[in-house]
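Engineer: What follows is final29.csv, made up of CSV, N, CA and C atoms:
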```
chain,number,residue,atom,x,y,z
V,1,MET,N,18.8,-13.9,-11.6
V,1,MET,CA,18.6,-14.5,-10.3
V,1,MET,C,17.1,-14.7,-10.1
V,2,MET,N,16.7,-15.9,-9.6
V,2,MET,CA,15.3,-16.1,-9.3
V,2,MET,C,14.9,-15.6,-8.0
V,3,ARG,N,13.8,-14.9,-7.9
V,3,ARG,CA,13.3,-14.4,-6.6
V,3,ARG,C,11.9,-14.9,-6.3
V,4,LYS,N,11.5,-15.0,-5.1
V,4,LYS,CA,10.2,-15.5,-4.7
V,4,LYS,C,9.2,-14.3,-4.8
V,5,ARG,N,8.0,-14.7,-5.2
V,5,ARG,CA,6.9,-13.6,-5.3
V,5,ARG,C,5.7,-14.1,-4.6
V,6,ILE,N,5.1,-13.2,-3.8
V,6,ILE,CA,3.9,-13.5,-3.1
V,6,ILE,C,2.7,-13.4,-4.0
V,7,LEU,N,1.8,-14.4,-4.0
V,7,LEU,CA,0.5,-14.4,-4.7
V,7,LEU,C,-0.5,-14.7,-3.7
V,8,ALA,N,-1.6,-14.0,-3.6
V,8,ALA,CA,-2.6,-14.2,-2.6
V,8,ALA,C,-3.5,-15.4,-3.0
V,9,LEU,N,-3.9,-16.2,-2.0
V,9,LEU,CA,-4.8,-17.4,-2.2
V,9,LEU,C,-6.1,-17.0,-1.7
V,10,GLY,N,-7.2,-17.3,-2.4
V,10,GLY,CA,-8.5,-17.1,-1.9
V,10,GLY,C,-8.9,-15.6,-1.8
V,11,LEU,N,-8.1,-14.7,-2.4
V,11,LEU,CA,-8.4,-13.3,-2.4
V,11,LEU,C,-8.5,-12.8,-3.8
V,12,THR,N,-9.4,-11.9,-4.1
V,12,THR,CA,-9.6,-11.4,-5.4
V,12,THR,C,-8.7,-10.2,-5.7
V,13,GLY,N,-7.5,-10.5,-6.2
V,13,GLY,CA,-6.6,-9.4,-6.7
V,13,GLY,C,-5.9,-8.6,-5.7
V,14,CYS,N,-5.8,-9.1,-4.4
V,14,CYS,CA,-5.0,-8.3,-3.5
V,14,CYS,C,-3.9,-9.2,-2.9
V,15,ALA,N,-2.9,-8.5,-2.3
V,15,ALA,CA,-1.8,-9.2,-1.8
V,15,ALA,C,-1.8,-9.5,-0.3
V,16,ALA,N,-2.9,-9.2,0.3
V,16,ALA,CA,-3.1,-9.5,1.8
V,16,ALA,C,-3.4,-11.0,2.0
V,17,ALA,N,-2.5,-11.8,2.1
V,17,ALA,CA,-2.7,-13.2,2.3
V,17,ALA,C,-2.0,-13.7,3.5
V,18,ALA,N,-2.8,-14.1,4.5
V,18,ALA,CA,-2.2,-14.7,5.7
V,18,ALA,C,-1.5,-16.0,5.4
V,19,SER,N,-2.1,-16.7,4.4
V,19,SER,CA,-1.5,-18.0,4.0
V,19,SER,C,-1.2,-18.0,2.5
V,20,ALA,N,-0.3,-17.1,2.1
V,20,ALA,CA,0.0,-16.9,0.7
V,20,ALA,C,1.0,-18.0,0.2
V,21,ASP,N,0.8,-18.4,-1.0
V,21,ASP,CA,1.7,-19.3,-1.7
V,21,ASP,C,3.0,-18.6,-2.1
V,22,ILE,N,4.1,-19.1,-1.9
V,22,ILE,CA,5.3,-18.5,-2.4
V,22,ILE,C,5.7,-19.2,-3.7
V,23,ILE,N,5.7,-18.5,-4.7
V,23,ILE,CA,6.0,-19.0,-6.1
V,23,ILE,C,7.3,-18.5,-6.6
V,24,GLU,N,8.1,-19.4,-7.1
V,24,GLU,CA,9.4,-19.0,-7.7
V,24,GLU,C,9.2,-18.2,-9.0
V,25,GLU,N,9.6,-16.9,-9.1
V,25,GLU,CA,9.4,-16.1,-10.3
V,25,GLU,C,10.5,-15.1,-10.3
V,26,GLN,N,10.8,-14.6,-11.5
V,26,GLN,CA,11.7,-13.5,-11.6
V,26,GLN,C,11.1,-12.2,-11.2
V,27,GLY,N,11.7,-11.4,-10.4
V,27,GLY,CA,11.1,-10.1,-10.0
V,27,GLY,C,10.3,-10.1,-8.7
V,28,ALA,N,9.9,-8.9,-8.3
V,28,ALA,CA,9.1,-8.8,-7.0
V,28,ALA,C,7.6,-8.7,-7.4
V,29,ALA,N,6.8,-8.9,-6.4
V,29,ALA,CA,5.4,-8.7,-6.5
V,29,ALA,C,5.1,-7.2,-6.5
V,30,LEU,N,4.2,-6.7,-7.4
V,30,LEU,CA,3.9,-5.3,-7.5
V,30,LEU,C,2.4,-5.1,-7.3
V,31,MET,N,2.0,-4.2,-6.5
V,31,MET,CA,0.6,-3.9,-6.3
V,31,MET,C,0.4,-2.5,-6.7
V,32,SER,N,-0.7,-2.2,-7.4
V,32,SER,CA,-1.0,-0.9,-7.9
V,32,SER,C,-2.3,-0.4,-7.2
V,33,CYS,N,-2.2,0.8,-6.6
V,33,CYS,CA,-3.3,1.4,-5.9
V,33,CYS,C,-3.8,2.6,-6.6
V,34,SER,N,-5.1,2.8,-6.6
V,34,SER,CA,-5.7,4.0,-7.2
V,34,SER,C,-6.8,4.5,-6.2
V,35,TYR,N,-6.9,5.8,-6.1
V,35,TYR,CA,-7.9,6.4,-5.2
V,35,TYR,C,-8.8,7.4,-5.9
V,36,THR,N,-10.1,7.4,-5.5
V,36,THR,CA,-11.0,8.3,-6.2
V,36,THR,C,-11.6,9.3,-5.2
V,37,VAL,N,-11.3,9.2,-3.9
V,37,VAL,CA,-11.8,10.1,-2.9
V,37,VAL,C,-10.6,10.6,-2.0
V,38,GLU,N,-10.6,11.9,-1.7
V,38,GLU,CA,-9.5,12.5,-0.9
V,38,GLU,C,-10.2,13.3,0.2
V,39,CYS,N,-9.8,13.1,1.5
V,39,CYS,CA,-10.3,13.8,2.6
V,39,CYS,C,-9.2,14.5,3.3
V,40,LEU,N,-9.2,15.9,3.3
V,40,LEU,CA,-8.2,16.7,3.9
V,40,LEU,C,-8.6,17.2,5.3
V,41,GLU,N,-8.0,16.7,6.3
V,41,GLU,CA,-8.3,17.1,7.7
V,41,GLU,C,-9.8,16.9,8.0
V,42,GLU,N,-10.5,17.9,8.4
V,42,GLU,CA,-11.9,17.8,8.8
V,42,GLU,C,-12.8,18.4,7.7
V,43,GLU,N,-12.2,18.7,6.5
V,43,GLU,CA,-13.0,19.2,5.4
V,43,GLU,C,-13.8,18.1,4.8
V,44,ALA,N,-14.8,18.5,3.9
V,44,ALA,CA,-15.5,17.5,3.2
V,44,ALA,C,-14.6,16.8,2.2
V,45,CYS,N,-14.9,15.5,2.0
V,45,CYS,CA,-14.2,14.7,1.0
V,45,CYS,C,-14.5,15.2,-0.4
V,46,THR,N,-13.5,15.0,-1.3
V,46,THR,CA,-13.7,15.4,-2.7
V,46,THR,C,-13.2,14.3,-3.6
V,47,PHE,N,-13.5,14.5,-4.9
V,47,PHE,CA,-13.0,13.6,-5.9
V,47,PHE,C,-11.5,13.7,-6.0
V,48,ALA,N,-10.8,12.6,-6.3
V,48,ALA,CA,-9.4,12.5,-6.4
V,48,ALA,C,-9.0,11.6,-7.6
V,49,GLN,N,-7.9,11.8,-8.1
V,49,GLN,CA,-7.2,10.9,-9.1
V,49,GLN,C,-5.8,10.8,-8.7
V,50,PHE,N,-5.6,9.8,-7.8
V,50,PHE,CA,-4.2,9.7,-7.2
V,50,PHE,C,-4.0,8.2,-7.2
V,51,GLY,N,-2.7,7.8,-7.5
V,51,GLY,CA,-2.3,6.4,-7.4
V,51,GLY,C,-0.9,6.2,-7.2
V,52,HIS,N,-0.5,5.0,-6.8
V,52,HIS,CA,0.9,4.7,-6.6
V,52,HIS,C,1.1,3.2,-6.7
V,53,ASP,N,2.3,2.7,-6.7
V,53,ASP,CA,2.6,1.3,-6.7
V,53,ASP,C,3.2,1.0,-5.4
V,54,VAL,N,3.2,-0.3,-5.1
V,54,VAL,CA,3.7,-0.9,-3.8
V,54,VAL,C,4.6,-2.1,-4.2
V,55,ASP,N,5.9,-2.0,-3.9
V,55,ASP,CA,6.7,-3.2,-4.1
V,55,ASP,C,6.6,-4.1,-2.8
V,56,LEU,N,5.9,-5.2,-3.0
V,56,LEU,CA,5.6,-6.0,-1.8
V,56,LEU,C,6.8,-6.9,-1.4
V,57,PRO,N,6.8,-7.3,-0.1
V,57,PRO,CA,7.9,-8.2,0.3
V,57,PRO,C,7.7,-9.6,-0.2
V,58,GLN,N,8.7,-10.4,-0.1
V,58,GLN,CA,8.7,-11.8,-0.6
V,58,GLN,C,7.9,-12.6,0.4
V,59,GLN,N,7.8,-12.2,1.6
V,59,GLN,CA,7.0,-12.9,2.6
V,59,GLN,C,6.5,-12.0,3.7
V,60,MET,N,5.4,-12.3,4.3
V,60,MET,CA,4.9,-11.5,5.4
V,60,MET,C,5.2,-12.0,6.7
V,61,PRO,N,5.6,-11.1,7.7
V,61,PRO,CA,5.8,-9.7,7.5
V,61,PRO,C,7.1,-9.4,6.8
V,62,GLY,N,7.3,-8.3,6.2
V,62,GLY,CA,8.5,-8.0,5.5
V,62,GLY,C,8.6,-6.5,5.1
V,63,ASP,N,9.7,-6.2,4.5
V,63,ASP,CA,10.0,-4.8,4.1
V,63,ASP,C,9.2,-4.5,2.8
V,64,VAL,N,8.7,-3.2,2.7
V,64,VAL,CA,7.9,-2.8,1.6
V,64,VAL,C,8.3,-1.4,1.1
V,65,VAL,N,8.1,-1.1,-0.1
V,65,VAL,CA,8.4,0.3,-0.7
V,65,VAL,C,7.1,0.8,-1.3
V,66,LEU,N,6.6,1.9,-0.9
V,66,LEU,CA,5.6,2.6,-1.6
V,66,LEU,C,6.2,3.5,-2.6
V,67,ASP,N,5.9,3.4,-3.9
V,67,ASP,CA,6.5,4.2,-5.0
V,67,ASP,C,5.6,5.4,-5.2
V,68,LEU,N,5.8,6.5,-4.5
V,68,LEU,CA,5.0,7.7,-4.6
V,68,LEU,C,5.5,8.6,-5.6
V,69,GLY,N,4.7,9.6,-6.0
V,69,GLY,CA,5.2,10.6,-6.9
V,69,GLY,C,6.3,11.5,-6.4
V,70,THR,N,6.5,11.5,-5.1
V,70,THR,CA,7.6,12.3,-4.5
V,70,THR,C,8.8,11.5,-4.2
V,71,GLY,N,8.8,10.2,-4.5
V,71,GLY,CA,9.9,9.3,-4.3
V,71,GLY,C,9.4,8.1,-3.4
V,72,PRO,N,10.3,7.2,-3.1
V,72,PRO,CA,9.9,6.0,-2.4
V,72,PRO,C,9.8,6.3,-0.9
V,73,ALA,N,8.8,5.5,-0.3
V,73,ALA,CA,8.6,5.5,1.2
V,73,ALA,C,8.9,4.1,1.6
V,74,ASN,N,9.8,3.9,2.5
V,74,ASN,CA,10.2,2.6,3.0
V,74,ASN,C,9.4,2.2,4.3
V,75,GLY,N,9.1,1.0,4.4
V,75,GLY,CA,8.4,0.5,5.6
V,75,GLY,C,8.2,-1.0,5.7
V,76,THR,N,7.2,-1.4,6.4
V,76,THR,CA,6.9,-2.8,6.6
V,76,THR,C,5.5,-3.1,6.3
V,77,ALA,N,5.3,-4.4,5.9
V,77,ALA,CA,3.9,-4.9,5.6
V,77,ALA,C,3.7,-6.1,6.4
V,78,ARG,N,2.5,-6.3,6.9
V,78,ARG,CA,2.1,-7.5,7.6
V,78,ARG,C,0.6,-7.7,7.4
V,79,VAL,N,0.1,-8.9,7.7
V,79,VAL,CA,-1.3,-9.2,7.7
V,79,VAL,C,-1.8,-9.3,9.1
V,80,ILE,N,-2.8,-8.5,9.4
V,80,ILE,CA,-3.4,-8.4,10.8
V,80,ILE,C,-4.8,-8.7,10.6
V,81,ASN,N,-5.3,-9.8,11.2
V,81,ASN,CA,-6.7,-10.2,11.1
V,81,ASN,C,-7.2,-10.2,9.7
V,82,GLY,N,-6.5,-10.7,8.7
V,82,GLY,CA,-6.9,-10.7,7.3
V,82,GLY,C,-6.7,-9.4,6.6
V,83,LEU,N,-6.3,-8.4,7.2
V,83,LEU,CA,-6.1,-7.1,6.6
V,83,LEU,C,-4.6,-6.8,6.3
V,84,LEU,N,-4.3,-6.4,5.1
V,84,LEU,CA,-2.9,-6.0,4.7
V,84,LEU,C,-2.7,-4.7,5.3
V,85,VAL,N,-1.7,-4.5,6.2
V,85,VAL,CA,-1.4,-3.2,6.8
V,85,VAL,C,0.1,-2.9,6.5
V,86,ILE,N,0.3,-1.7,5.9
V,86,ILE,CA,1.6,-1.2,5.5
V,86,ILE,C,1.8,0.1,6.2
V,87,ASN,N,3.0,0.2,6.9
V,87,ASN,CA,3.4,1.4,7.6
V,87,ASN,C,4.7,1.8,6.9
V,88,ALA,N,4.8,3.1,6.4
V,88,ALA,CA,6.0,3.5,5.7
V,88,ALA,C,6.2,5.0,6.0
V,89,SER,N,7.4,5.5,5.7
V,89,SER,CA,7.7,6.9,5.9
V,89,SER,C,8.8,7.3,4.9
V,90,ASP,N,8.8,8.6,4.7
V,90,ASP,CA,9.9,9.3,3.9
V,90,ASP,C,10.1,10.7,4.5
V,91,THR,N,10.8,11.5,3.8
V,91,THR,CA,11.1,12.8,4.3
V,91,THR,C,9.9,13.7,4.3
V,92,HIS,N,8.8,13.3,3.6
V,92,HIS,CA,7.6,14.2,3.5
V,92,HIS,C,6.6,13.8,4.5
V,93,GLY,N,6.5,12.6,4.9
V,93,GLY,CA,5.5,12.2,5.9
V,93,GLY,C,5.5,10.7,6.3
V,94,SER,N,4.4,10.3,7.0
V,94,SER,CA,4.2,9.0,7.4
V,94,SER,C,3.0,8.4,6.7
V,95,TYR,N,3.0,7.1,6.3
V,95,TYR,CA,1.9,6.6,5.5
V,95,TYR,C,1.4,5.3,6.2
V,96,LEU,N,0.1,5.2,6.2
V,96,LEU,CA,-0.6,3.9,6.7
V,96,LEU,C,-1.5,3.5,5.6
V,97,LEU,N,-1.3,2.4,5.0
V,97,LEU,CA,-2.1,1.8,4.0
V,97,LEU,C,-2.7,0.5,4.5
V,98,SER,N,-4.1,0.4,4.5
V,98,SER,CA,-4.8,-0.8,4.9
V,98,SER,C,-5.6,-1.2,3.7
V,99,GLN,N,-5.6,-2.6,3.5
V,99,GLN,CA,-6.4,-3.1,2.4
V,99,GLN,C,-7.1,-4.4,2.8
V,100,THR,N,-8.4,-4.5,2.4
V,100,THR,CA,-9.2,-5.6,2.8
V,100,THR,C,-8.9,-6.8,1.8
V,101,PRO,N,-9.3,-8.0,2.1
V,101,PRO,CA,-9.1,-9.1,1.2
V,101,PRO,C,-9.7,-8.9,-0.2
V,102,ASP,N,-10.8,-8.1,-0.3
V,102,ASP,CA,-11.4,-7.9,-1.6
V,102,ASP,C,-10.8,-6.6,-2.4
V,103,GLY,N,-9.7,-6.0,-1.8
V,103,GLY,CA,-9.0,-5.0,-2.5
V,103,GLY,C,-9.3,-3.6,-2.1
V,104,ILE,N,-10.4,-3.3,-1.3
V,104,ILE,CA,-10.7,-2.0,-0.8
V,104,ILE,C,-9.5,-1.5,0.0
V,105,ALA,N,-9.1,-0.2,-0.3
V,105,ALA,CA,-7.9,0.3,0.3
V,105,ALA,C,-8.1,1.7,0.9
V,106,LYS,N,-7.5,2.0,2.0
V,106,LYS,CA,-7.5,3.4,2.6
V,106,LYS,C,-6.0,3.7,2.8
V,107,LEU,N,-5.6,4.9,2.4
V,107,LEU,CA,-4.3,5.4,2.7
V,107,LEU,C,-4.4,6.7,3.5
V,108,SER,N,-3.7,6.7,4.6
V,108,SER,CA,-3.7,7.9,5.5
V,108,SER,C,-2.3,8.4,5.5
V,109,VAL,N,-2.2,9.7,5.1
V,109,VAL,CA,-0.8,10.4,5.0
V,109,VAL,C,-0.8,11.5,6.1
V,110,GLN,N,0.2,11.4,6.9
V,110,GLN,CA,0.4,12.5,8.0
V,110,GLN,C,1.7,13.2,7.6
V,111,PHE,N,1.5,14.5,7.5
V,111,PHE,CA,2.6,15.4,7.2
V,111,PHE,C,2.9,16.2,8.5
V,112,ALA,N,4.2,16.5,8.7
V,112,ALA,CA,4.7,17.2,9.9
V,112,ALA,C,4.7,18.8,9.7
V,113,GLU,N,5.0,19.2,8.6
V,113,GLU,CA,5.1,20.7,8.3
V,113,GLU,C,4.2,21.1,7.2
V,114,PRO,N,3.1,21.7,7.4
V,114,PRO,CA,2.4,21.8,8.7
V,114,PRO,C,1.7,20.5,9.1
V,115,LEU,N,1.4,20.3,10.4
V,115,LEU,CA,0.8,19.0,10.8
V,115,LEU,C,-0.6,18.9,10.2
V,116,MET,N,-0.8,17.9,9.4
V,116,MET,CA,-2.1,17.6,8.8
V,116,MET,C,-2.1,16.2,8.4
V,117,VAL,N,-3.4,15.7,8.1
V,117,VAL,CA,-3.6,14.4,7.6
V,117,VAL,C,-4.5,14.4,6.4
V,118,VAL,N,-4.2,13.6,5.5
V,118,VAL,CA,-5.0,13.4,4.2
V,118,VAL,C,-5.3,11.9,4.1
V,119,THR,N,-6.6,11.6,3.9
V,119,THR,CA,-7.0,10.2,3.8
V,119,THR,C,-7.5,10.0,2.4
V,120,TYR,N,-7.1,8.9,1.7
V,120,TYR,CA,-7.5,8.5,0.4
V,120,TYR,C,-8.3,7.2,0.5
V,121,HIS,N,-9.4,7.1,-0.4
V,121,HIS,CA,-10.2,5.9,-0.4
V,121,HIS,C,-10.2,5.4,-1.8
V,122,GLY,N,-9.9,4.1,-2.0
V,122,GLY,CA,-9.8,3.5,-3.3
V,122,GLY,C,-9.6,2.0,-3.3
V,123,ALA,N,-8.8,1.5,-4.1
V,123,ALA,CA,-8.6,0.0,-4.2
V,123,ALA,C,-7.2,-0.3,-4.7
V,124,CYS,N,-6.7,-1.5,-4.4
V,124,CYS,CA,-5.4,-1.9,-4.8
V,124,CYS,C,-5.5,-3.3,-5.4
V,125,VAL,N,-4.7,-3.6,-6.4
V,125,VAL,CA,-4.6,-4.9,-7.0
V,125,VAL,C,-3.2,-5.3,-7.3
V,126,VAL,N,-2.9,-6.6,-7.3
V,126,VAL,CA,-1.6,-7.1,-7.6
V,126,VAL,C,-1.5,-7.1,-9.2
V,127,THR,N,-0.5,-6.4,-9.7
V,127,THR,CA,-0.4,-6.3,-11.1
V,127,THR,C,0.7,-7.2,-11.8
V,128,GLU,N,1.6,-7.7,-11.0
V,128,GLU,CA,2.6,-8.7,-11.5
V,128,GLU,C,3.1,-9.5,-10.4
```
Take the structure in this file and express it as structure tokens.
Structural biologist:
Amino acid sequence: MMRKRILALGLTGCAAAASADIIEEQGAALMSCSYTVECLEEEACTFAQFGHDVDLPQQMPGDVVLDLGTGPANGTARVINGLLVINASDTHGSYLLSQTPDGIAKLSVQFAEPLMVVTYHGACVVTE
């Protein structure tokens, strides 16, 4: 079955496109994110090696899945003022991923037990 895939126009390797072309292709668009800085609560930020994939929607706004090491987090993706914004959640926490048109990404993870926030700094690129 043929599915539509989002490809960004005028952006270098990111999926945040307010005016994205819809191209007929097999499979979904996949974005890969990697982070090199981790900030836990109010502590000093440290080096990190963390990454995950994002199954992007066929059109914006739309449903999205963050493929995390603990399992999938389901949510929504939309473009707001040129910024890709993804809100998702699973049984472990709530996730806010923001990405600029040039690929810079921030991921904020809020956990309930115990209540804390972790912020990751890195980049995301469309891989397929």
Engineer: Using all atoms listed in the file, can you tell me which of V:Ala112, V:Met60, V:Leu97, V:Val117 comes closest to Glu42 in chain V?
Structural biologist: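 Comparing V:Ala112, V:Met60, V:Leu97, V:Val117 against Glu42 in chain V, the winner is V:Val117.
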Engineer: For Gln110 in chain V, which residue among V:Gln58, V:Thr127, V:Asn87, V:Asn74 is the nearest when counting only C-alpha atoms?
Structural biologist: V:Asn87
Engineer: Between V:Gly93, V:Met31, V:Asp53, V:Thr46, which residue has the minimum interatomic distance to Phe111 in chain V, considering all atoms listed in the file?
Structural biologist: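 Nearest candidate to Phe111 in chain V out of V:Gly93, V:Met31, V:Asp53, V:Thr46: V:Gly93.
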Engineer: To one decimal in Å, tell me the separation between atom C of Asp90 in chain V and CA of Ile104 in chain V.
Structural biologist: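 Between atom C of Asp90 in chain V and CA of Ile104 in chain V the gap works out to 24.9 Å.
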Engineer: May I ask for the distance between atom C of Ser98 in chain V and atom C of Gly82 in chain V, given in Å to one decimal place?
Structural biologist: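 Atom C of Gly82 in chain V lies 8.8 Å from atom C of Ser98 in chain V.
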Engineer: Could you pull out all residues of range 41-115 of chain V with a DSSP call of strand (DSSP E or B) and give them as a compact mmCIF listing (two decimals) with N, CA and C atoms, in the coordinates of the input?
Structural biologist:
```
# COMPACT_ATOMS: atom_id res chain seq x y z
N THR V 46 -13.50 15.00 -1.30
CA THR V 46 -13.70 15.40 -2.70
C THR V 46 -13.20 14.30 -3.60
N PHE V 47 -13.50 14.50 -4.90
CA PHE V 47 -13.00 13.60 -5.90
C PHE V 47 -11.50 13.70 -6.00
N ALA V 48 -10.80 12.60 -6.30
CA ALA V 48 -9.40 12.50 -6.40
C ALA V 48 -9.00 11.60 -7.60
N GLN V 49 -7.90 11.80 -8.10
CA GLN V 49 -7.20 10.90 -9.10
C GLN V 49 -5.80 10.80 -8.70
N PHE V 50 -5.60 9.80 -7.80
CA PHE V 50 -4.20 9.70 -7.20
C PHE V 50 -4.00 8.20 -7.20
N GLY V 51 -2.70 7.80 -7.50
CA GLY V 51 -2.30 6.40 -7.40
C GLY V 51 -0.90 6.20 -7.20
N HIS V 52 -0.50 5.00 -6.80
CA HIS V 52 0.90 4.70 -6.60
C HIS V 52 1.10 3.20 -6.70
N ASP V 53 2.30 2.70 -6.70
CA ASP V 53 2.60 1.30 -6.70
C ASP V 53 3.20 1.00 -5.40
N VAL V 54 3.20 -0.30 -5.10
CA VAL V 54 3.70 -0.90 -3.80
C VAL V 54 4.60 -2.10 -4.20
N ASP V 55 5.90 -2.00 -3.90
CA ASP V 55 6.70 -3.20 -4.10
C ASP V 55 6.60 -4.10 -2.80
N GLY V 62 7.30 -8.30 6.20
CA GLY V 62 8.50 -8.00 5.50
C GLY V 62 8.60 -6.50 5.10
N ASP V 63 9.70 -6.20 4.50
CA ASP V 63 10.00 -4.80 4.10
C ASP V 63 9.20 -4.50 2.80
N VAL V 64 8.70 -3.20 2.70
CA VAL V 64 7.90 -2.80 1.60
C VAL V 64 8.30 -1.40 1.10
N VAL V 65 8.10 -1.10 -0.10
CA VAL V 65 8.40 0.30 -0.70
C VAL V 65 7.10 0.80 -1.30
N LEU V 66 6.60 1.90 -0.90
CA LEU V 66 5.60 2.60 -1.60
C LEU V 66 6.20 3.50 -2.60
N ASP V 67 5.90 3.40 -3.90
CA ASP V 67 6.50 4.20 -5.00
C ASP V 67 5.60 5.40 -5.20
N LEU V 68 5.80 6.50 -4.50
CA LEU V 68 5.00 7.70 -4.60
C LEU V 68 5.50 8.60 -5.60
N GLY V 71 8.80 10.20 -4.50
CA GLY V 71 9.90 9.30 -4.30
C GLY V 71 9.40 8.10 -3.40
N PRO V 72 10.30 7.20 -3.10
CA PRO V 72 9.90 6.00 -2.40
C PRO V 72 9.80 6.30 -0.90
N ALA V 73 8.80 5.50 -0.30
CA ALA V 73 8.60 5.50 1.20
C ALA V 73 8.90 4.10 1.60
N ASN V 74 9.80 3.90 2.50
CA ASN V 74 10.20 2.60 3.00
C ASN V 74 9.40 2.20 4.30
N GLY V 75 9.10 1.00 4.40
CA GLY V 75 8.40 0.50 5.60
C GLY V 75 8.20 -1.00 5.70
N THR V 76 7.20 -1.40 6.40
CA THR V 76 6.90 -2.80 6.60
C THR V 76 5.50 -3.10 6.30
N ALA V 77 5.30 -4.40 5.90
CA ALA V 77 3.90 -4.90 5.60
C ALA V 77 3.70 -6.10 6.40
N ARG V 78 2.50 -6.30 6.90
CA ARG V 78 2.10 -7.50 7.60
C ARG V 78 0.60 -7.70 7.40
N VAL V 79 0.10 -8.90 7.70
CA VAL V 79 -1.30 -9.20 7.70
C VAL V 79 -1.80 -9.30 9.10
N ILE V 80 -2.80 -8.50 9.40
CA ILE V 80 -3.40 -8.40 10.80
C ILE V 80 -4.80 -8.70 10.60
N LEU V 83 -6.30 -8.40 7.20
CA LEU V 83 -6.10 -7.10 6.60
C LEU V 83 -4.60 -6.80 6.30
N LEU V 84 -4.30 -6.40 5.10
CA LEU V 84 -2.90 -6.00 4.70
C LEU V 84 -2.70 -4.70 5.30
N VAL V 85 -1.70 -4.50 6.20
CA VAL V 85 -1.40 -3.20 6.80
C VAL V 85 0.10 -2.90 6.50
N ILE V 86 0.30 -1.70 5.90
CA ILE V 86 1.60 -1.20 5.50
C ILE V 86 1.80 0.10 6.20
N ASN V 87 3.00 0.20 6.90
CA ASN V 87 3.40 1.40 7.60
C ASN V 87 4.70 1.80 6.90
N ALA V 88 4.80 3.10 6.40
CA ALA V 88 6.00 3.50 5.70
C ALA V 88 6.20 5.00 6.00
N SER V 89 7.40 5.50 5.70
CA SER V 89 7.70 6.90 5.90
C SER V 89 8.80 7.30 4.90
N GLY V 93 6.50 12.60 4.90
CA GLY V 93 5.50 12.20 5.90
C GLY V 93 5.50 10.70 6.30
N SER V 94 4.40 10.30 7.00
CA SER V 94 4.20 9.00 7.40
C SER V 94 3.00 8.40 6.70
N TYR V 95 3.00 7.10 6.30
CA TYR V 95 1.90 6.60 5.50
C TYR V 95 1.40 5.30 6.20
N LEU V 96 0.10 5.20 6.20
CA LEU V 96 -0.60 3.90 6.70
C LEU V 96 -1.50 3.50 5.60
N LEU V 97 -1.30 2.40 5.00
CA LEU V 97 -2.10 1.80 4.00
C LEU V 97 -2.70 0.50 4.50
N SER V 98 -4.10 0.40 4.50
CA SER V 98 -4.80 -0.80 4.90
C SER V 98 -5.60 -1.20 3.70
N GLN V 99 -5.60 -2.60 3.50
CA GLN V 99 -6.40 -3.10 2.40
C GLN V 99 -7.10 -4.40 2.80
N ILE V 104 -10.40 -3.30 -1.30
CA ILE V 104 -10.70 -2.00 -0.80
C ILE V 104 -9.50 -1.50 0.00
N ALA V 105 -9.10 -0.20 -0.30
CA ALA V 105 -7.90 0.30 0.30
C ALA V 105 -8.10 1.70 0.90
N LYS V 106 -7.50 2.00 2.00
CA LYS V 106 -7.50 3.40 2.60
C LYS V 106 -6.00 3.70 2.80
N LEU V 107 -5.60 4.90 2.40
CA LEU V 107 -4.30 5.40 2.70
C LEU V 107 -4.40 6.70 3.50
N SER V 108 -3.70 6.70 4.60
CA SER V 108 -3.70 7.90 5.50
C SER V 108 -2.30 8.40 5.50
N VAL V 109 -2.20 9.70 5.10
CA VAL V 109 -0.80 10.40 5.00
C VAL V 109 -0.80 11.50 6.10
N GLN V 110 0.20 11.40 6.90
CA GLN V 110 0.40 12.50 8.00
C GLN V 110 1.70 13.20 7.60
N PHE V 111 1.50 14.50 7.50
CA PHE V 111 2.60 15.40 7.20
C PHE V 111 2.90 16.20 8.50
N ALA V 112 4.20 16.50 8.70
CA ALA V 112 4.70 17.20 9.90
C ALA V 112 4.70 18.80 9.70
N LEU V 115 1.40 20.30 10.40
CA LEU V 115 0.80 19.00 10.80
C LEU V 115 -0.60 18.90 10.20
```
Engineer: Interatomic distance between atom C of Leu84 in chain V and atom C of Gln99 in chain V?
Structural biologist: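 According to the coordinates, atom C of Leu84 in chain V and atom C of Gln99 in chain V are separated by 5.1 Å.
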Engineer: Would you please work out which residue, of V:Leu96, V:Leu83, V:Cys39, V:Ala105, is nearest to Thr119 in chain V when using only C-alpha atoms?
Structural biologist: V:Cys39
Engineer: For Ala123 in chain V, which residue among V:Val109, V:Asp63, V:Gly103, V:Ile80 is the nearest when counting only N, CA and C atoms?
Structural biologist: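 Going through V:Val109, V:Asp63, V:Gly103, V:Ile80 one by one, the smallest distance to Ala123 in chain V is for V:Gly103.
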